[in-house]
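File shown: coords.pdb. Contents: PDB, C-alpha atoms.
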ATOM      1  CA  MET P  26     -37.591 -14.293   0.424
ATOM      2  CA  ASN P  27     -37.623 -17.411  -1.796
ATOM      3  CA  GLU P  28     -38.055 -15.154  -4.844
ATOM      4  CA  ASN P  29     -34.949 -13.250  -3.792
ATOM      5  CA  ILE P  30     -32.936 -16.463  -3.343
ATOM      6  CA  SER P  31     -34.011 -17.875  -6.718
ATOM      7  CA  GLY P  32     -33.153 -14.529  -8.347
ATOM      8  CA  ILE P  33     -29.713 -14.628  -6.770
ATOM      9  CA  LYS P  34     -29.196 -18.229  -7.903
ATOM     10  CA  GLU P  35     -30.192 -17.273 -11.434
ATOM     11  CA  LEU P  36     -27.861 -14.275 -11.403
ATOM     12  CA  LEU P  37     -24.942 -16.328 -10.051
ATOM     13  CA  SER P  38     -25.449 -19.413 -12.233
ATOM     14  CA  PRO P  39     -23.200 -18.359 -15.154
ATOM     15  CA  HIS P  40     -20.533 -17.158 -12.724
ATOM     16  CA  ILE P  41     -20.625 -20.451 -10.859
ATOM     17  CA  GLN P  42     -20.096 -22.277 -14.158
ATOM     18  CA  ASP P  43     -17.145 -19.995 -14.948
ATOM     19  CA  TYR P  44     -15.748 -20.645 -11.469
ATOM     20  CA  LYS P  45     -16.068 -24.421 -11.871
ATOM     21  CA  GLY P  46     -14.159 -24.157 -15.158
ATOM     22  CA  TRP P  47     -11.496 -21.938 -13.577
ATOM     23  CA  ILE P  48     -10.878 -24.462 -10.786
ATOM     24  CA  GLY P  49      -9.369 -26.871 -13.307
ATOM     25  CA  SER P  50      -7.130 -24.263 -14.917
ATOM     26  CA  GLU P  51      -3.444 -23.497 -14.519
ATOM     27  CA  ASP P  52      -4.395 -19.966 -13.364
ATOM     28  CA  PHE P  53      -6.354 -21.469 -10.484
ATOM     29  CA  ARG P  54      -3.486 -23.763  -9.492
ATOM     30  CA  ALA P  55      -1.096 -20.787  -9.441
ATOM     31  CA  TRP P  56      -3.574 -18.677  -7.444
ATOM     32  CA  ASP P  57      -4.275 -21.493  -5.000
ATOM     33  CA  GLU P  58      -0.569 -22.146  -4.505
ATOM     34  CA  GLU P  59      -0.045 -18.445  -3.735
ATOM     35  CA  ARG P  60      -3.024 -18.474  -1.340
ATOM     36  CA  GLN P  61      -1.740 -21.547   0.491
ATOM     37  CA  GLU P  62       1.745 -20.040   0.751
ATOM     38  CA  LYS P  63       0.271 -16.822   2.175
ATOM     39  CA  ALA P  64      -1.871 -18.756   4.617
ATOM     40  CA  SER P  65       1.166 -20.664   5.848
ATOM     41  CA  THR P  66       3.258 -17.501   6.159
ATOM     42  CA  TYR P  67       0.469 -15.611   7.911
ATOM     43  CA  GLU P  68      -0.237 -18.522  10.249
ATOM     44  CA  ASN P  69       3.247 -18.094  11.700
ATOM     45  CA  LEU P  70       3.615 -14.346  11.289
ATOM     46  CA  LEU P  71       0.197 -13.502  12.751
ATOM     47  CA  SER P  72       0.152 -15.983  15.598
ATOM     48  CA  LYS P  73       0.372 -14.505  19.088
ATOM     49  CA  GLU P  74       4.033 -15.511  19.251
ATOM     50  CA  GLY P  75       4.715 -14.241  15.728
ATOM     51  CA  ILE P  76       3.245 -10.821  16.445
ATOM     52  CA  SER P  77       5.063 -10.462  19.759
ATOM     53  CA  THR P  78       8.443 -11.080  18.069
ATOM     54  CA  MET P  79       7.617  -9.282  14.801
ATOM     55  CA  THR P  80      10.378  -7.133  13.321
ATOM     56  CA  GLU P  81      10.188  -4.306  10.788
ATOM     57  CA  VAL P  82      11.291  -6.812   8.139
ATOM     58  CA  GLU P  83       8.316  -9.013   9.011
ATOM     59  CA  VAL P  84       5.945  -6.029   8.936
ATOM     60  CA  HIS P  85       7.256  -5.406   5.437
ATOM     61  CA  GLU P  86       6.689  -9.074   4.547
ATOM     62  CA  LEU P  87       3.113  -8.877   5.828
ATOM     63  CA  ILE P  88       2.210  -5.628   4.097
ATOM     64  CA  SER P  89       4.002  -6.334   0.825
ATOM     65  CA  THR P  90       2.298  -9.702   0.334
ATOM     66  CA  LEU P  91      -1.272  -8.505   0.897
ATOM     67  CA  TRP P  92      -3.435  -8.640  -2.210
ATOM     68  CA  ALA P  93      -4.774  -5.235  -1.177
ATOM     69  CA  PHE P  94      -1.391  -3.757  -2.150
ATOM     70  CA  GLY P  95      -0.750  -5.880  -5.231
ATOM     71  CA  ALA P  96      -0.810  -2.847  -7.528
ATOM     72  CA  TRP P  97       1.590  -0.789  -5.403
ATOM     73  CA  GLY P  98       5.018  -0.518  -6.934
ATOM     74  CA  ASN P  99       7.000   0.829  -3.987
ATOM     75  CA  LYS P 100       5.930  -1.162  -0.960
ATOM     76  CA  ASP P 101       9.054  -0.061   0.940
ATOM     77  CA  TYR P 102       7.651   3.470   0.891
ATOM     78  CA  LEU P 103       4.275   2.272   2.184
ATOM     79  CA  VAL P 104       5.779   0.315   5.082
ATOM     80  CA  SER P 105       8.139   3.173   5.900
ATOM     81  CA  ARG P 106       5.208   5.618   6.069
ATOM     82  CA  LEU P 107       3.178   3.212   8.181
ATOM     83  CA  LEU P 108       5.985   2.732  10.708
ATOM     84  CA  LYS P 109       6.624   6.480  10.876
ATOM     85  CA  ALA P 110       2.948   7.033  11.693
ATOM     86  CA  VAL P 111       2.839   4.322  14.381
ATOM     87  CA  GLU P 112       5.980   2.902  15.943
ATOM     88  CA  LEU P 113       6.637  -0.829  15.751
ATOM     89  CA  ASN P 114       5.703  -1.782  19.327
ATOM     90  CA  LYS P 115       2.407   0.092  19.120
ATOM     91  CA  PHE P 116       1.675  -1.507  15.746
ATOM     92  CA  LYS P 117       2.322  -4.950  17.219
ATOM     93  CA  LYS P 118       0.103  -4.196  20.223
ATOM     94  CA  LEU P 119      -2.724  -2.990  17.964
ATOM     95  CA  LEU P 120      -2.320  -5.972  15.614
ATOM     96  CA  MET P 121      -2.352  -8.384  18.566
ATOM     97  CA  GLU P 122      -5.548  -6.784  19.870
ATOM     98  CA  LEU P 123      -7.150  -6.802  16.398
ATOM     99  CA  LEU P 124      -6.506 -10.486  15.839
ATOM    100  CA  TRP P 125      -6.509 -11.994  19.312
ATOM    101  CA  GLY P 126      -8.218  -9.485  21.628
ATOM    102  CA  SER P 127     -11.312 -10.205  23.684
ATOM    103  CA  ASN P 128     -13.315  -7.086  22.811
ATOM    104  CA  PRO P 129     -16.033  -7.405  20.164
ATOM    105  CA  LEU P 130     -14.567  -7.595  16.653
ATOM    106  CA  ARG P 131     -16.144  -4.310  15.571
ATOM    107  CA  LYS P 132     -14.398  -2.459  18.426
ATOM    108  CA  ARG P 133     -11.048  -4.140  17.702
ATOM    109  CA  TYR P 134     -11.414  -3.318  13.998
ATOM    110  CA  ASP P 135     -12.305   0.324  14.657
ATOM    111  CA  ASP P 136      -9.436   0.748  17.151
ATOM    112  CA  PHE P 137      -6.929  -0.668  14.679
ATOM    113  CA  ASN P 138      -8.355   1.320  11.763
ATOM    114  CA  GLN P 139      -8.251   4.573  13.734
ATOM    115  CA  ASN P 140      -4.691   4.080  14.993
ATOM    116  CA  VAL P 141      -2.864   2.527  12.039
ATOM    117  CA  LYS P 142      -2.522   4.758   9.000
ATOM    118  CA  TYR P 143      -2.105   3.532   5.426
ATOM    119  CA  LEU P 144      -3.989   0.270   5.907
ATOM    120  CA  GLY P 145      -7.553   0.574   4.696
ATOM    121  CA  SER P 146     -10.528  -1.715   4.921
ATOM    122  CA  ALA P 147      -9.278  -4.035   2.172
ATOM    123  CA  ALA P 148      -5.941  -4.661   3.907
ATOM    124  CA  ILE P 149      -7.358  -4.957   7.425
ATOM    125  CA  THR P 150     -10.135  -7.324   6.392
ATOM    126  CA  GLU P 151      -7.696  -9.389   4.320
ATOM    127  CA  ILE P 152      -5.534  -9.913   7.408
ATOM    128  CA  LEU P 153      -8.612 -10.795   9.468
ATOM    129  CA  ALA P 154      -9.884 -13.200   6.801
ATOM    130  CA  PHE P 155      -6.596 -15.093   6.644
ATOM    131  CA  VAL P 156      -6.447 -15.497  10.432
ATOM    132  CA  HIS P 157     -10.172 -16.060  11.059
ATOM    133  CA  PRO P 158     -11.584 -17.341   7.743
ATOM    134  CA  ASP P 159     -14.782 -18.701   9.294
ATOM    135  CA  ASP P 160     -15.671 -15.384  10.925
ATOM    136  CA  CYS P 161     -14.278 -12.649   8.664
ATOM    137  CA  ALA P 162     -14.470 -11.736   4.989
ATOM    138  CA  ILE P 163     -12.456  -9.455   2.769
ATOM    139  CA  TRP P 164     -14.068  -6.057   2.117
ATOM    140  CA  ASN P 165     -12.694  -4.713  -1.135
ATOM    141  CA  GLU P 166     -13.894  -3.448  -4.504
ATOM    142  CA  ARG P 167     -14.583  -6.958  -5.831
ATOM    143  CA  ALA P 168     -16.654  -7.882  -2.776
ATOM    144  CA  ARG P 169     -18.636  -4.641  -2.973
ATOM    145  CA  THR P 170     -19.236  -5.026  -6.713
ATOM    146  CA  GLY P 171     -20.397  -8.633  -6.345
ATOM    147  CA  LEU P 172     -22.710  -7.898  -3.438
ATOM    148  CA  LYS P 173     -24.142  -4.881  -5.231
ATOM    149  CA  ARG P 174     -24.783  -6.915  -8.347
ATOM    150  CA  ILE P 175     -26.780  -9.551  -6.489
ATOM    151  CA  GLY P 176     -28.583  -7.004  -4.332
ATOM    152  CA  LEU P 177     -27.175  -7.938  -0.930
ATOM    153  CA  LEU P 178     -25.985  -5.581   1.829
ATOM    154  CA  LYS P 179     -27.471  -2.604  -0.002
ATOM    155  CA  ASP P 180     -26.680  -0.283   2.909
ATOM    156  CA  LEU P 181     -22.962  -1.173   2.786
ATOM    157  CA  VAL P 182     -21.972  -1.765  -0.835
ATOM    158  CA  ASP P 183     -21.209   1.864  -1.588
ATOM    159  CA  GLN P 184     -18.971   2.265   1.449
ATOM    160  CA  TYR P 185     -15.263   2.095   0.713
ATOM    161  CA  TRP P 186     -14.360   2.480   4.388
ATOM    162  CA  ILE P 187     -16.276   0.369   6.841
ATOM    163  CA  SER P 188     -16.450   0.733  10.573
TER     164      SER P 188
END
Would you put the structure from the file into structure tokens?
Amino acid sequence: MNENISGIKELLSPHIQDYKGWIGSEDFRAWDEERQEKASTYENLLSKEGISTMTEVEVHELISTLWAFGAWGNKDYLVSRLLKAVELNKFKKLLMELLWGSNPLRKRYDDFNQNVKYLGSAAITEILAFVHPDDCAIWNERARTGLKRIGLLKDLVDQYWIS
């Protein structure tokens, strides 16, 4: 196991140096400002109270600001499709259960994933990671690529969809 850890440290060392350099950059400050703004918005929007009073406009705000949909040009279309596939009250109920339910996380995740169309693993895990950053991580192409490169989670890294 120690060989594996030292190999990972060696593999990550140049990336850690790049990261330390990036932290002092203007790009980092802009990214961190965006992240803090999202965290503040999501703290209110995704609280129990925020979800219970959520409107279609706020669903749009949530979906359109996710990094998972950063490349999408027409986010209105995406939100419209989502809310046609699952009506607003059901979406809110499923979101409340995902984020604040008492069932095991894997069951809550699977229930949400199976009942809410157009939000994949990257979007769902991004929402979870913003609300529960100590317990949840984002599962997207960058995470899979990084884990694959360092040889971790070999049974998962090729899975786009997780359950």
Selected by the PyMOL selection byres ((chain P and resi 153) around 10) in the shown coordinates: which residues, as a ChimeraX atom specification?
-> /P:71,123-124,130,134,147-152,154-158,160-163
In Å, with one decimal, what is the gap from atom CA of P:Arg131 to atom CA of P:Leu113?
-> 23.0 Å
Resolved residues for the PyMOL selection byres ((chain P and resi 107-111) around 10) as JSON, numbers by chain = {"P": [81, 84, 85, 88, 101, 102, 103, 104, 105, 106, 112, 113, 114, 115, 116, 117, 119, 140, 141, 142, 143, 144]}
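For the set P:Leu91, P:Lys118, P:Lys45, P:Leu37, the residue with the smallest atom-to-atom gap to P:Met79 is P:Lys118, counting only C-alpha atoms.
The two atoms in question, atom CA of P:Ser31 and atom CA of P:Asn165, are spaced 25.7 Å apart.
Between atom CA of P:Glu86 and atom CA of P:Glu74 there is a distance of 16.3 Å.
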Pick out the residues sitting within 9 Å of P:Ile175, and hand them over as a ChimeraX atom specification; count all atoms listed in the file, and ignore anything fewer than 3 positions along from it in its own chain.
-> /P:32-33,36-37,170-172
If you take every atom of stretch 30-44 of chain P that the file lists and fit an axis-aligned box around them with 5 Å extra on each side, what centre and edge lengths come out in Å to one decimal, as JSON?
{"center_x": -24.9, "center_y": -18.3, "center_z": -9.2, "size_x": 28.3, "size_y": 18.0, "size_z": 21.8}
All residues 9 Å or closer to P:Leu70, only C-alpha atoms, same chain fewer than 3 positions away omitted, as a ChimeraX atom specification = /P:65-67,73-76,78-79,83-84,87
Could the residues in this selection be written to a file with C-alpha atoms, as an mmCIF file, in the coordinates of the input?
data_model
loop_
_atom_site.group_PDB
_atom_site.id
_atom_site.type_symbol
_atom_site.label_atom_id
_atom_site.label_comp_id
_atom_site.auth_asym_id
_atom_site.auth_seq_id
_atom_site.Cartn_x
_atom_site.Cartn_y
_atom_site.Cartn_z
ATOM 1 C CA SER P 65 1.166 -20.664 5.848
ATOM 2 C CA THR P 66 3.258 -17.501 6.159
ATOM 3 C CA TYR P 67 0.469 -15.611 7.911
ATOM 4 C CA LYS P 73 0.372 -14.505 19.088
ATOM 5 C CA GLU P 74 4.033 -15.511 19.251
ATOM 6 C CA GLY P 75 4.715 -14.241 15.728
ATOM 7 C CA ILE P 76 3.245 -10.821 16.445
ATOM 8 C CA THR P 78 8.443 -11.080 18.069
ATOM 9 C CA MET P 79 7.617 -9.282 14.801
ATOM 10 C CA GLU P 83 8.316 -9.013 9.011
ATOM 11 C CA VAL P 84 5.945 -6.029 8.936
ATOM 12 C CA LEU P 87 3.113 -8.877 5.828
#
Stretch 85-100 of chain P from the block above, all heavy atoms, as a compact mmCIF listing (two decimals), in the first residue's frame, please?
# COMPACT_ATOMS: atom_id res chain seq x y z
N HIS P 85 -34.80 27.24 -12.78
CA HIS P 85 -33.97 27.72 -13.89
C HIS P 85 -32.65 28.27 -13.35
O HIS P 85 -31.58 27.99 -13.91
CB HIS P 85 -34.70 28.80 -14.69
CG HIS P 85 -33.96 29.22 -15.91
ND1 HIS P 85 -32.94 30.13 -15.88
CD2 HIS P 85 -34.09 28.82 -17.21
CE1 HIS P 85 -32.46 30.30 -17.09
NE2 HIS P 85 -33.14 29.51 -17.92
N GLU P 86 -32.71 29.06 -12.28
CA GLU P 86 -31.49 29.61 -11.69
C GLU P 86 -30.55 28.49 -11.24
O GLU P 86 -29.35 28.53 -11.49
CB GLU P 86 -31.83 30.51 -10.50
CG GLU P 86 -30.62 31.12 -9.82
CD GLU P 86 -30.96 31.99 -8.63
OE1 GLU P 86 -32.13 32.01 -8.19
OE2 GLU P 86 -30.04 32.66 -8.14
N LEU P 87 -31.11 27.47 -10.59
CA LEU P 87 -30.31 26.35 -10.14
C LEU P 87 -29.64 25.63 -11.31
O LEU P 87 -28.42 25.47 -11.34
CB LEU P 87 -31.19 25.35 -9.35
CG LEU P 87 -30.54 24.00 -9.03
CD1 LEU P 87 -29.37 24.17 -8.07
CD2 LEU P 87 -31.59 23.05 -8.45
N ILE P 88 -30.45 25.22 -12.27
CA ILE P 88 -29.94 24.43 -13.39
C ILE P 88 -28.97 25.24 -14.24
O ILE P 88 -27.91 24.75 -14.62
CB ILE P 88 -31.10 23.90 -14.26
CG1 ILE P 88 -32.09 23.08 -13.44
CG2 ILE P 88 -30.58 23.12 -15.47
CD1 ILE P 88 -31.52 21.91 -12.71
N SER P 89 -29.31 26.48 -14.52
CA SER P 89 -28.48 27.27 -15.44
C SER P 89 -27.14 27.68 -14.84
O SER P 89 -26.23 28.04 -15.58
CB SER P 89 -29.25 28.52 -15.90
OG SER P 89 -29.47 29.39 -14.82
N THR P 90 -26.99 27.61 -13.53
CA THR P 90 -25.72 28.00 -12.92
C THR P 90 -24.84 26.80 -12.58
O THR P 90 -23.71 26.98 -12.12
CB THR P 90 -25.95 28.84 -11.65
OG1 THR P 90 -26.75 28.09 -10.72
CG2 THR P 90 -26.62 30.16 -11.98
N LEU P 91 -25.30 25.59 -12.82
CA LEU P 91 -24.47 24.42 -12.56
C LEU P 91 -23.32 24.35 -13.56
O LEU P 91 -23.51 24.57 -14.76
CB LEU P 91 -25.30 23.13 -12.66
CG LEU P 91 -26.33 22.89 -11.56
CD1 LEU P 91 -27.20 21.69 -11.91
CD2 LEU P 91 -25.65 22.70 -10.20
N TRP P 92 -22.14 24.03 -13.07
CA TRP P 92 -21.00 23.87 -13.97
C TRP P 92 -21.25 22.73 -14.96
O TRP P 92 -20.75 22.76 -16.08
CB TRP P 92 -19.73 23.57 -13.17
CG TRP P 92 -19.18 24.77 -12.44
CD1 TRP P 92 -19.06 26.04 -12.93
CD2 TRP P 92 -18.70 24.81 -11.11
NE1 TRP P 92 -18.51 26.86 -11.97
CE2 TRP P 92 -18.28 26.13 -10.84
CE3 TRP P 92 -18.55 23.86 -10.11
CZ2 TRP P 92 -17.73 26.51 -9.63
CZ3 TRP P 92 -18.01 24.24 -8.90
CH2 TRP P 92 -17.61 25.57 -8.66
N ALA P 93 -22.03 21.75 -14.56
CA ALA P 93 -22.33 20.62 -15.43
C ALA P 93 -22.97 21.06 -16.74
O ALA P 93 -22.88 20.36 -17.75
CB ALA P 93 -23.24 19.62 -14.71
N PHE P 94 -23.63 22.22 -16.74
CA PHE P 94 -24.30 22.71 -17.94
C PHE P 94 -23.64 23.97 -18.49
O PHE P 94 -24.25 24.70 -19.26
CB PHE P 94 -25.79 22.96 -17.66
CG PHE P 94 -26.52 21.71 -17.30
CD1 PHE P 94 -27.06 21.54 -16.04
CD2 PHE P 94 -26.64 20.68 -18.21
CE1 PHE P 94 -27.72 20.37 -15.70
CE2 PHE P 94 -27.29 19.50 -17.88
CZ PHE P 94 -27.84 19.35 -16.62
N GLY P 95 -22.41 24.20 -18.12
CA GLY P 95 -21.69 25.39 -18.57
C GLY P 95 -21.59 25.52 -20.08
O GLY P 95 -21.62 26.62 -20.62
N ALA P 96 -21.51 24.40 -20.78
CA ALA P 96 -21.35 24.43 -22.23
C ALA P 96 -22.69 24.53 -22.97
O ALA P 96 -22.70 24.76 -24.17
CB ALA P 96 -20.61 23.18 -22.70
N TRP P 97 -23.78 24.35 -22.27
CA TRP P 97 -25.10 24.42 -22.91
C TRP P 97 -25.41 25.86 -23.27
O TRP P 97 -25.31 26.76 -22.44
CB TRP P 97 -26.18 23.91 -21.96
CG TRP P 97 -26.31 22.42 -21.94
CD1 TRP P 97 -25.38 21.53 -21.50
CD2 TRP P 97 -27.42 21.66 -22.38
NE1 TRP P 97 -25.86 20.26 -21.63
CE2 TRP P 97 -27.11 20.31 -22.18
CE3 TRP P 97 -28.65 21.99 -22.93
CZ2 TRP P 97 -27.98 19.30 -22.50
CZ3 TRP P 97 -29.52 20.97 -23.24
CH2 TRP P 97 -29.19 19.64 -23.03
N GLY P 98 -25.85 26.06 -24.49
CA GLY P 98 -26.22 27.40 -24.92
C GLY P 98 -27.63 27.78 -24.49
O GLY P 98 -27.85 28.84 -23.94
N ASN P 99 -28.58 26.89 -24.71
CA ASN P 99 -29.98 27.20 -24.45
C ASN P 99 -30.46 26.48 -23.19
O ASN P 99 -31.05 25.41 -23.25
CB ASN P 99 -30.85 26.81 -25.65
CG ASN P 99 -32.27 27.29 -25.51
OD1 ASN P 99 -32.69 27.76 -24.46
ND2 ASN P 99 -33.03 27.17 -26.58
N LYS P 100 -30.20 27.09 -22.06
CA LYS P 100 -30.58 26.48 -20.79
C LYS P 100 -32.09 26.58 -20.55
O LYS P 100 -32.64 25.77 -19.81
CB LYS P 100 -29.78 27.10 -19.66
CG LYS P 100 -28.31 26.75 -19.80
CD LYS P 100 -27.45 27.41 -18.76
CE LYS P 100 -26.01 27.02 -19.00
NZ LYS P 100 -25.12 28.10 -19.16
